[in-house]
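Here is the file coords.tsv (TSV, C-alpha atoms).
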```tsv
chain	number	residue	atom	x	y	z
L	80	MET	CA	-40.10	-46.59	-8.38
L	81	SER	CA	-41.55	-43.40	-9.89
L	82	SER	CA	-41.26	-42.92	-13.64
L	83	SER	CA	-40.89	-39.15	-13.25
L	84	PRO	CA	-37.69	-37.81	-14.84
L	85	VAL	CA	-34.72	-36.96	-12.64
L	86	ALA	CA	-32.54	-33.84	-12.74
L	87	ILE	CA	-29.52	-32.42	-10.96
L	88	VAL	CA	-29.17	-28.64	-10.70
L	89	THR	CA	-25.93	-27.12	-9.42
L	90	GLY	CA	-25.95	-23.77	-7.67
L	91	ALA	CA	-29.56	-24.48	-6.72
L	92	GLY	CA	-29.68	-22.41	-3.54
L	93	THR	CA	-29.96	-18.97	-5.12
L	94	GLY	CA	-30.74	-17.06	-8.29
L	95	ILE	CA	-31.06	-18.87	-11.59
L	96	GLY	CA	-30.33	-22.27	-10.07
L	97	ARG	CA	-33.07	-21.92	-7.47
L	98	ALA	CA	-35.59	-20.70	-10.06
L	99	VAL	CA	-34.76	-23.54	-12.45
L	100	MET	CA	-34.83	-26.17	-9.72
L	101	LEU	CA	-38.29	-25.10	-8.56
L	102	ALA	CA	-39.56	-24.89	-12.14
L	103	LEU	CA	-38.34	-28.40	-12.87
L	104	VAL	CA	-40.11	-29.75	-9.78
L	105	SER	CA	-43.29	-28.00	-10.95
L	106	ALA	CA	-42.80	-29.65	-14.35
L	107	GLY	CA	-42.74	-33.10	-12.73
L	108	TYR	CA	-39.03	-33.69	-12.25
L	109	ARG	CA	-37.43	-35.15	-9.16
L	110	VAL	CA	-34.42	-32.95	-8.49
L	111	GLY	CA	-31.09	-33.23	-6.75
L	112	ALA	CA	-30.52	-29.65	-5.61
L	113	ALA	CA	-26.77	-29.12	-5.23
L	114	GLY	CA	-24.94	-26.16	-3.73
L	115	ARG	CA	-22.18	-25.19	-1.35
L	116	ASN	CA	-24.55	-24.17	1.46
L	117	GLY	CA	-26.54	-27.19	2.56
L	118	GLU	CA	-28.57	-25.26	5.13
L	119	ARG	CA	-29.66	-22.73	2.52
L	120	LEU	CA	-30.70	-25.54	0.17
L	121	ARG	CA	-32.73	-27.22	2.87
L	122	GLN	CA	-34.46	-23.92	3.65
L	123	VAL	CA	-35.31	-23.37	-0.03
L	124	LEU	CA	-36.93	-26.81	-0.21
L	125	ALA	CA	-38.73	-26.31	3.09
L	126	ASP	CA	-40.09	-22.92	2.00
L	127	ALA	CA	-41.40	-24.53	-1.19
L	128	GLY	CA	-42.97	-27.40	0.77
L	129	LEU	CA	-40.93	-30.03	-1.07
L	130	GLY	CA	-40.31	-33.46	0.40
L	131	PRO	CA	-37.55	-35.95	-0.44
L	132	ASP	CA	-39.69	-37.65	-3.07
L	133	GLN	CA	-39.60	-34.36	-5.00
L	134	ALA	CA	-36.18	-32.89	-4.24
L	135	LEU	CA	-33.02	-33.56	-2.27
L	136	ALA	CA	-30.79	-30.87	-0.78
L	137	ILE	CA	-27.20	-32.05	-1.25
L	138	ALA	CA	-24.30	-29.91	-0.04
L	139	THR	CA	-21.68	-30.12	-2.80
L	140	ASP	CA	-18.32	-28.59	-3.63
L	141	ILE	CA	-18.27	-28.93	-7.40
L	142	THR	CA	-14.53	-28.19	-7.49
L	143	ASP	CA	-13.91	-31.43	-5.55
L	144	PRO	CA	-14.16	-34.67	-7.60
L	145	ASP	CA	-15.11	-36.73	-4.54
L	146	SER	CA	-17.89	-34.32	-3.58
L	147	VAL	CA	-19.24	-34.35	-7.13
L	148	LYS	CA	-19.17	-38.16	-7.23
L	149	ALA	CA	-21.05	-38.28	-3.92
L	150	LEU	CA	-23.73	-35.95	-5.33
L	151	PHE	CA	-24.40	-38.11	-8.37
L	152	THR	CA	-24.24	-41.33	-6.36
L	153	GLU	CA	-26.83	-40.05	-3.88
L	154	VAL	CA	-29.23	-38.96	-6.63
L	155	LYS	CA	-28.92	-42.27	-8.48
L	156	GLU	CA	-29.38	-44.31	-5.30
L	157	ARG	CA	-32.45	-42.29	-4.34
L	158	TYR	CA	-34.16	-41.85	-7.71
L	159	GLY	CA	-32.68	-44.64	-9.83
L	160	ARG	CA	-31.45	-42.71	-12.87
L	161	LEU	CA	-30.53	-39.27	-14.24
L	162	ASP	CA	-32.29	-37.58	-17.15
L	163	LEU	CA	-31.02	-34.00	-16.90
L	164	LEU	CA	-28.02	-32.09	-15.61
L	165	PHE	CA	-28.15	-28.30	-15.45
L	166	ASN	CA	-24.57	-27.08	-15.04
L	167	ASN	CA	-25.43	-23.75	-13.48
L	168	ALA	CA	-23.07	-23.03	-10.57
L	169	GLY	CA	-20.72	-20.15	-11.23
L	170	ILE	CA	-18.90	-17.24	-9.63
L	171	GLY	CA	-17.14	-14.06	-10.70
L	172	ALA	CA	-13.97	-12.34	-9.55
L	173	PRO	CA	-13.51	-8.83	-8.12
L	174	PRO	CA	-13.75	-6.23	-10.93
L	175	VAL	CA	-10.19	-4.98	-10.68
L	176	PRO	CA	-7.69	-4.13	-13.42
L	177	LEU	CA	-6.58	-7.32	-15.15
L	178	GLU	CA	-2.95	-6.98	-14.08
L	179	GLU	CA	-3.96	-6.56	-10.43
L	180	LEU	CA	-6.15	-9.66	-10.16
L	181	PRO	CA	-4.67	-12.19	-7.69
L	182	VAL	CA	-4.08	-15.59	-9.27
L	183	LYS	CA	-6.12	-17.21	-6.47
L	184	HIS	CA	-9.24	-15.43	-7.75
L	185	TRP	CA	-8.54	-16.53	-11.32
L	186	ARG	CA	-8.15	-20.14	-10.18
L	187	ALA	CA	-11.30	-20.02	-8.05
L	188	VAL	CA	-13.38	-18.89	-11.03
L	189	VAL	CA	-11.83	-21.47	-13.36
L	190	ASP	CA	-12.26	-24.26	-10.81
L	191	THR	CA	-15.92	-23.42	-10.20
L	192	ASN	CA	-17.21	-22.32	-13.59
L	193	LEU	CA	-15.27	-24.66	-15.85
L	194	THR	CA	-13.71	-27.54	-13.93
L	195	GLY	CA	-16.85	-27.96	-11.85
L	196	ALA	CA	-19.00	-28.23	-14.95
L	197	PHE	CA	-16.56	-30.74	-16.44
L	198	LEU	CA	-16.58	-32.92	-13.31
L	199	CYS	CA	-20.38	-32.93	-13.24
L	200	THR	CA	-20.51	-33.75	-16.94
L	201	GLN	CA	-18.19	-36.73	-16.40
L	202	GLU	CA	-20.42	-38.14	-13.67
L	203	ALA	CA	-23.56	-37.53	-15.74
L	204	PHE	CA	-22.01	-39.42	-18.66
L	205	ARG	CA	-21.20	-42.39	-16.44
L	206	ILE	CA	-24.80	-42.69	-15.31
L	207	MET	CA	-26.49	-41.83	-18.61
L	208	LYS	CA	-24.41	-44.30	-20.63
L	209	GLU	CA	-25.19	-47.20	-18.28
L	210	GLN	CA	-28.87	-46.65	-17.51
L	211	ASP	CA	-31.85	-48.16	-19.32
L	212	PRO	CA	-33.20	-46.46	-21.33
L	213	GLN	CA	-29.82	-45.01	-22.17
L	214	GLY	CA	-29.14	-41.29	-22.49
L	215	GLY	CA	-30.14	-37.97	-21.06
L	216	ARG	CA	-29.63	-34.24	-21.49
L	217	ILE	CA	-27.05	-31.76	-20.21
L	218	ILE	CA	-27.74	-28.01	-20.27
L	219	ASN	CA	-24.85	-25.66	-19.58
L	220	ASN	CA	-25.32	-22.14	-18.27
L	221	GLY	CA	-23.13	-20.01	-20.51
L	222	SER	CA	-23.31	-16.23	-20.80
L	223	ILE	CA	-23.54	-13.53	-23.43
L	224	SER	CA	-20.37	-12.23	-21.75
L	225	ALA	CA	-18.49	-15.08	-23.44
L	226	THR	CA	-18.55	-13.17	-26.71
L	227	SER	CA	-19.29	-9.62	-25.51
L	228	PRO	CA	-17.42	-9.18	-22.23
L	229	ARG	CA	-17.85	-6.46	-19.69
L	230	PRO	CA	-14.88	-4.45	-18.44
L	231	ARG	CA	-12.66	-6.15	-15.86
L	232	SER	CA	-14.21	-9.59	-16.22
L	233	ALA	CA	-11.38	-11.71	-17.66
L	234	PRO	CA	-11.83	-14.82	-15.45
L	235	TYR	CA	-15.61	-14.96	-15.86
L	236	THR	CA	-15.47	-14.23	-19.59
L	237	ALA	CA	-12.71	-16.77	-20.22
L	238	THR	CA	-14.56	-19.55	-18.41
L	239	LYS	CA	-17.86	-18.82	-20.13
L	240	HIS	CA	-16.10	-18.76	-23.50
L	241	ALA	CA	-14.62	-22.14	-22.57
L	242	MET	CA	-18.08	-23.39	-21.57
L	243	THR	CA	-19.11	-23.05	-25.21
L	244	GLY	CA	-16.28	-25.40	-26.16
L	245	LEU	CA	-17.32	-27.83	-23.44
L	246	THR	CA	-20.90	-27.73	-24.71
L	247	LYS	CA	-19.85	-28.53	-28.27
L	248	SER	CA	-17.49	-31.33	-27.22
L	249	THR	CA	-20.10	-32.81	-24.88
L	250	SER	CA	-22.72	-32.67	-27.61
L	251	LEU	CA	-20.38	-34.49	-30.00
L	252	ASP	CA	-19.11	-37.08	-27.53
L	253	GLY	CA	-22.62	-37.80	-26.27
L	254	ARG	CA	-24.13	-38.66	-29.66
L	255	ALA	CA	-23.28	-42.33	-29.52
L	256	TYR	CA	-25.01	-42.68	-26.14
L	257	ASN	CA	-28.19	-40.65	-26.75
L	258	ILE	CA	-26.85	-37.80	-24.58
L	259	ALA	CA	-27.89	-34.37	-25.83
L	260	CYS	CA	-26.11	-31.21	-24.71
L	261	GLY	CA	-27.12	-27.58	-25.19
L	262	GLN	CA	-26.34	-24.21	-23.70
L	263	ILE	CA	-28.37	-21.26	-22.51
L	264	ASP	CA	-26.72	-17.82	-22.62
L	265	ILE	CA	-28.40	-15.38	-20.27
L	266	GLY	CA	-28.38	-11.61	-20.19
L	267	ASN	CA	-29.53	-9.54	-17.21
L	268	ALA	CA	-31.78	-11.90	-15.27
L	269	ALA	CA	-32.80	-10.30	-11.99
L	270	THR	CA	-31.15	-12.32	-9.20
L	271	GLU	CA	-29.14	-11.70	-6.05
L	272	MET	CA	-25.96	-11.73	-8.15
L	273	THR	CA	-27.19	-9.01	-10.50
L	274	GLU	CA	-28.80	-6.82	-7.84
L	275	PRO	CA	-25.82	-4.37	-7.84
L	276	MET	CA	-26.50	-3.72	-11.53
L	277	ARG	CA	-29.63	-1.79	-10.51
L	278	ARG	CA	-27.29	0.94	-9.29
L	279	GLY	CA	-25.46	1.00	-12.61
L	280	ILE	CA	-22.75	-1.08	-14.25
L	281	PRO	CA	-19.59	0.06	-16.10
L	282	GLN	CA	-19.77	0.13	-19.89
L	283	ALA	CA	-17.00	-0.30	-22.44
L	284	ASN	CA	-16.83	3.45	-23.08
L	285	GLY	CA	-16.25	4.22	-19.41
L	286	ASP	CA	-19.82	5.30	-18.63
L	287	THR	CA	-21.93	3.72	-15.90
L	288	LEU	CA	-25.42	2.69	-16.98
L	289	VAL	CA	-28.46	1.24	-15.26
L	290	GLU	CA	-29.42	-1.60	-17.60
L	291	PRO	CA	-32.85	-3.17	-18.15
L	292	MET	CA	-33.46	-6.48	-16.36
L	293	MET	CA	-35.83	-9.41	-16.87
L	294	ASP	CA	-37.53	-11.70	-14.37
L	295	VAL	CA	-35.54	-14.85	-13.64
L	296	SER	CA	-38.70	-16.93	-14.17
L	297	HIS	CA	-38.27	-16.48	-17.93
L	298	VAL	CA	-34.90	-18.20	-17.72
L	299	ALA	CA	-36.44	-21.05	-15.74
L	300	ASP	CA	-39.20	-21.44	-18.32
L	301	ALA	CA	-36.61	-21.53	-21.11
L	302	VAL	CA	-34.57	-24.25	-19.39
L	303	VAL	CA	-37.70	-26.34	-18.81
L	304	HIS	CA	-38.53	-26.00	-22.52
L	305	MET	CA	-35.06	-27.25	-23.45
L	306	ALA	CA	-35.29	-30.06	-20.92
L	307	ARG	CA	-38.67	-31.33	-22.12
L	308	LEU	CA	-37.60	-31.90	-25.72
L	309	PRO	CA	-37.30	-35.53	-26.82
L	310	LEU	CA	-33.70	-36.66	-27.04
L	311	ASP	CA	-33.81	-36.68	-30.84
L	312	ALA	CA	-34.18	-32.87	-30.72
L	313	ASN	CA	-31.87	-30.34	-29.11
L	314	VAL	CA	-31.60	-26.61	-28.53
L	315	GLN	CA	-27.87	-26.29	-29.16
L	316	PHE	CA	-27.61	-22.65	-28.11
L	317	MET	CA	-30.28	-20.32	-26.78
L	318	THR	CA	-29.85	-16.66	-25.88
L	319	ILE	CA	-32.41	-15.19	-23.50
L	320	MET	CA	-31.97	-11.60	-22.40
L	321	ALA	CA	-33.68	-8.43	-21.31
L	322	THR	CA	-35.00	-7.02	-24.58
L	323	ASN	CA	-33.62	-3.51	-24.18
L	324	MET	CA	-30.27	-4.26	-22.58
L	325	PRO	CA	-27.22	-2.89	-24.40
L	326	PHE	CA	-26.02	-6.15	-25.93
L	327	ILE	CA	-26.98	-6.05	-29.59
L	328	GLY	CA	-24.80	-3.20	-30.79
L	329	ARG	CA	-22.63	-3.30	-27.67
L	330	GLY	CA	-19.41	-1.42	-28.36
```

Write the structure described by the file as structure tokens, please.
Amino acid sequence: MSSSPVAIVTGAGTGIGRAVMLALVSAGYRVGAAGRNGERLRQVLADAGLGPDQALAIATDITDPDSVKALFTEVKERYGRLDLLFNNAGIGAPPVPLEELPVKHWRAVVDTNLTGAFLCTQEAFRIMKEQDPQGGRIINNGSISATSPRPRSAPYTATKHAMTGLTKSTSLDGRAYNIACGQIDIGNAATEMTEPMRRGIPQANGDTLVEPMMDVSHVADAVVHMARLPLDANVQFMTIMATNMPFIGRG
């Protein structure tokens, strides 16, 4: 069996997840590419010319414990171990006044952004604690919105704030098993999700502003850097953002 490290990336069909997944393969990882749309995942791998020895497209609903378990089982059975989990999958809610947001949208964001990351972390722990050599690394996709929210973003902001707590708890609980956990907080990476921002995005003072963006490849490079560290070193929190975006001094 290959000695190449093994990773799972959630939300791997688009945006940051796709960029990170492809960067990890280029860095020598074998990757379980997870996402809701299996056909899209398969097309991404086909377009990149990747075979099953390099990456697997695995349709996954990360809000469903059984689906998450099936994802991790398939990766372990195929590649033999798990060295890295990138908890990336996430969604937002419609930008409506807080009091008008339907509870179903709140629950969908919480289930995907927070519960999904927790379920994946549980399965990663189970594999990483039992494998030989023991341990691995978990990287959570947080957001600068966790501490500096945008208007009308309560569900997304709340879950990303909670992700910071999950990162810290995971880092602490993983110490005894050589499991490192860190978080990357991203600001204005150019992806499908942020494309509407090119037309302008509401600011705290009521203005609408077209904000600077950065290429998503820089995020992928940053995640690969975090992933490649030996397990006795950890990037606990990293912020990577478009240099001139209105974050430092926001408000």

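Across the model, the gap from atom CA of L:Thr287 to atom CA of L:Gly328 is 16.7 Å.
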
Requested in this report: Please provide the set of residues having any atom within 12 Å of L:Pro228, restricted to only C-alpha atoms, with same-chain residues fewer than 3 positions apart removed, written as a VMD selection string.
Outcome: chain L and resid 222 to 225 231 to 240 266 281 to 283 325 to 326 329 to 330

Query raised in the report: Between L:Pro309, L:His184, L:Val298, L:Leu150, which has the minimum distance to L:Leu103 (counting all atoms listed in the file)?
Result: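 Counting all atoms listed in the file, the residue closest to L:Leu103 is L:Val298.
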
Report task. Select, from L:Ile137, L:Val182, L:Val188, L:Val110, the residue with the minimum atom-to-atom distance to L:Gln122, counting only C-alpha atoms. Result ->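 Closest candidate: L:Ile137.
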
Report task. Would you list the contacts of L:Val303 as a ChimeraX atom specification, taking every protein, DNA or RNA residue within 8 Å and counting all atoms listed in the file, but skipping same-chain residues closer than 2 positions in sequence? Result -> /L:99,102-103,106,299-301,305-307

Query raised in the report: With all atoms listed in the file as the atoms that count, which of L:Leu101, L:Val314, L:Ala149, L:Ile170 lies nearest to L:Asp126?
Result: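 Smallest distance to L:Asp126 is found for L:Leu101.
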
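Going from atom CA of L:Arg109 to atom CA of L:Gly244 covers 28.8 Å.
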
**Report entry** Closest of L:Glu156, L:Asp252, L:Asp286, L:Asp162 to L:Leu308 - atom-to-atom distances counting only C-alpha atoms
**Finding:** L:Asp162

Please, could N, CA, C and O atoms be added to stretch 118-130 of chain L and the result written as a PDB file, in the coordinates of the input?
```pdb
ATOM      1  N   GLU L 118     -27.473 -25.813   4.338  1.00  0.00           N
ATOM      2  CA  GLU L 118     -28.570 -25.260   5.130  1.00  0.00           C
ATOM      3  C   GLU L 118     -29.463 -24.372   4.271  1.00  0.00           C
ATOM      4  O   GLU L 118     -30.693 -24.417   4.393  1.00  0.00           O
ATOM      5  N   ARG L 119     -28.863 -23.574   3.405  1.00  0.00           N
ATOM      6  CA  ARG L 119     -29.660 -22.730   2.520  1.00  0.00           C
ATOM      7  C   ARG L 119     -30.515 -23.590   1.585  1.00  0.00           C
ATOM      8  O   ARG L 119     -31.685 -23.294   1.360  1.00  0.00           O
ATOM      9  N   LEU L 120     -29.939 -24.648   1.043  1.00  0.00           N
ATOM     10  CA  LEU L 120     -30.700 -25.540   0.170  1.00  0.00           C
ATOM     11  C   LEU L 120     -31.890 -26.144   0.900  1.00  0.00           C
ATOM     12  O   LEU L 120     -33.002 -26.185   0.360  1.00  0.00           O
ATOM     13  N   ARG L 121     -31.648 -26.615   2.104  1.00  0.00           N
ATOM     14  CA  ARG L 121     -32.730 -27.220   2.870  1.00  0.00           C
ATOM     15  C   ARG L 121     -33.839 -26.208   3.152  1.00  0.00           C
ATOM     16  O   ARG L 121     -35.034 -26.546   3.129  1.00  0.00           O
ATOM     17  N   GLN L 122     -33.458 -24.953   3.401  1.00  0.00           N
ATOM     18  CA  GLN L 122     -34.460 -23.920   3.650  1.00  0.00           C
ATOM     19  C   GLN L 122     -35.271 -23.622   2.394  1.00  0.00           C
ATOM     20  O   GLN L 122     -36.495 -23.418   2.464  1.00  0.00           O
ATOM     21  N   VAL L 123     -34.603 -23.595   1.241  1.00  0.00           N
ATOM     22  CA  VAL L 123     -35.310 -23.370  -0.030  1.00  0.00           C
ATOM     23  C   VAL L 123     -36.357 -24.452  -0.249  1.00  0.00           C
ATOM     24  O   VAL L 123     -37.513 -24.170  -0.613  1.00  0.00           O
ATOM     25  N   LEU L 124     -35.981 -25.706  -0.016  1.00  0.00           N
ATOM     26  CA  LEU L 124     -36.930 -26.810  -0.210  1.00  0.00           C
ATOM     27  C   LEU L 124     -38.053 -26.751   0.815  1.00  0.00           C
ATOM     28  O   LEU L 124     -39.216 -27.005   0.482  1.00  0.00           O
ATOM     29  N   ALA L 125     -37.710 -26.405   2.055  1.00  0.00           N
ATOM     30  CA  ALA L 125     -38.730 -26.310   3.090  1.00  0.00           C
ATOM     31  C   ALA L 125     -39.722 -25.191   2.775  1.00  0.00           C
ATOM     32  O   ALA L 125     -40.943 -25.359   2.928  1.00  0.00           O
ATOM     33  N   ASP L 126     -39.211 -24.045   2.336  1.00  0.00           N
ATOM     34  CA  ASP L 126     -40.090 -22.920   2.000  1.00  0.00           C
ATOM     35  C   ASP L 126     -41.032 -23.264   0.863  1.00  0.00           C
ATOM     36  O   ASP L 126     -42.157 -22.746   0.790  1.00  0.00           O
ATOM     37  N   ALA L 127     -40.571 -24.127  -0.046  1.00  0.00           N
ATOM     38  CA  ALA L 127     -41.400 -24.530  -1.190  1.00  0.00           C
ATOM     39  C   ALA L 127     -42.287 -25.722  -0.854  1.00  0.00           C
ATOM     40  O   ALA L 127     -43.075 -26.158  -1.705  1.00  0.00           O
ATOM     41  N   GLY L 128     -42.158 -26.254   0.366  1.00  0.00           N
ATOM     42  CA  GLY L 128     -42.970 -27.400   0.770  1.00  0.00           C
ATOM     43  C   GLY L 128     -42.625 -28.685   0.051  1.00  0.00           C
ATOM     44  O   GLY L 128     -43.492 -29.535  -0.169  1.00  0.00           O
ATOM     45  N   LEU L 129     -41.348 -28.861  -0.295  1.00  0.00           N
ATOM     46  CA  LEU L 129     -40.930 -30.030  -1.070  1.00  0.00           C
ATOM     47  C   LEU L 129     -40.353 -31.107  -0.160  1.00  0.00           C
ATOM     48  O   LEU L 129     -39.505 -30.840   0.682  1.00  0.00           O
ATOM     49  N   GLY L 130     -40.818 -32.331  -0.336  1.00  0.00           N
ATOM     50  CA  GLY L 130     -40.310 -33.460   0.400  1.00  0.00           C
ATOM     51  C   GLY L 130     -39.253 -34.208  -0.384  1.00  0.00           C
ATOM     52  O   GLY L 130     -39.000 -33.910  -1.557  1.00  0.00           O
TER      53      GLY L 130
END
```
